[in-house]
Amino acid sequence: MDLRRLGEYDVLVLVSLIWFLGKFVRYAFPPLFETLQGAYGVSTATIGVAFTGFMTVYALMQFPSGAVADRVGPVRVIVAGAAVAGLGALAVAV
């Protein structure tokens with residue numbers, strides 16, 4: 001087996017994993033609404049507004065990230081986005 005041939009797929013695998021994580025977070029959050037309400041003592045409306053804010057930011061970032069990817073390259077945008085998402089997750093966890 002030629003290891004250089006496997007290297008051709010590293011970006012594809014990385015992007016696939018990041019895409020999976022993005023979709024996972026998007027679809028895993030709504031079933032947790034009831035648990036989050038109990039843990040934080042907030043209403044359904046508050047949880048709904050938080051999820052709406054999350055999805056609004058997600059939607060608003062689609063066009064600018066595509067435009068930046070056209071200028072600087074998609075790999076740089078993907079790496080930067082993954083780094084920002086990782087730092088954000090770390091900040092939320094801490």
# chains A, B, ... in the order shown; residues from 1 in each chain; ligands from 1
>>> residues_around(residues="segment 70-87 of chain A", least_positions_apart="6", cutoff="8 Å", atoms="only C-alpha atoms", output="list of chain:residue names")
A:Val11, A:Val15, A:Ile18
>>> write_last_selection(atoms="N, CA, C and O atoms", output="PDB file, in the first residue's frame")
ATOM      1  N   VAL A  11      -7.496  15.755   3.346  1.00  0.00           N
ATOM      2  CA  VAL A  11      -8.381  16.924   3.387  1.00  0.00           C
ATOM      3  C   VAL A  11      -9.840  16.488   3.288  1.00  0.00           C
ATOM      4  O   VAL A  11     -10.701  17.003   4.002  1.00  0.00           O
ATOM      5  N   VAL A  15     -12.481  17.346   6.194  1.00  0.00           N
ATOM      6  CA  VAL A  15     -13.695  18.115   5.891  1.00  0.00           C
ATOM      7  C   VAL A  15     -14.936  17.289   6.219  1.00  0.00           C
ATOM      8  O   VAL A  15     -15.911  17.808   6.770  1.00  0.00           O
ATOM      9  N   ILE A  18     -15.412  17.339  10.015  1.00  0.00           N
ATOM     10  CA  ILE A  18     -15.892  18.643  10.466  1.00  0.00           C
ATOM     11  C   ILE A  18     -17.358  18.831  10.075  1.00  0.00           C
ATOM     12  O   ILE A  18     -18.167  19.332  10.864  1.00  0.00           O
TER      13      ILE A  18
END
>>> atom_distance(atom1="atom CA of Ala45 of chain A", atom2="atom CA of Phe20 of chain A")
27.6 Å
>>> atom_distance(atom1="atom CA of Leu21 of chain A", atom2="atom CA of Ala50 of chain A")
19.1 Å
>>> closest_residue(among="A:Lys23, A:Val68, A:Pro30, A:Leu17", to="Thr52 of chain A", atoms="only C-alpha atoms")
A:Pro30
>>> residues_around(residues="segment 33-36 of chain A", least_positions_apart="4", cutoff="7 Å", atoms="only C-alpha atoms", output="ChimeraX atom specification")
/A:29,40,47
>>> closest_residue(among="A:Gly66, A:Arg26, A:Val42, A:Tyr9", to="Phe54 of chain A", atoms="only C-alpha atoms")
A:Arg26
>>> atom_distance(atom1="atom CA of Val57 of chain A", atom2="atom CA of Tyr27 of chain A")
15.7 Å
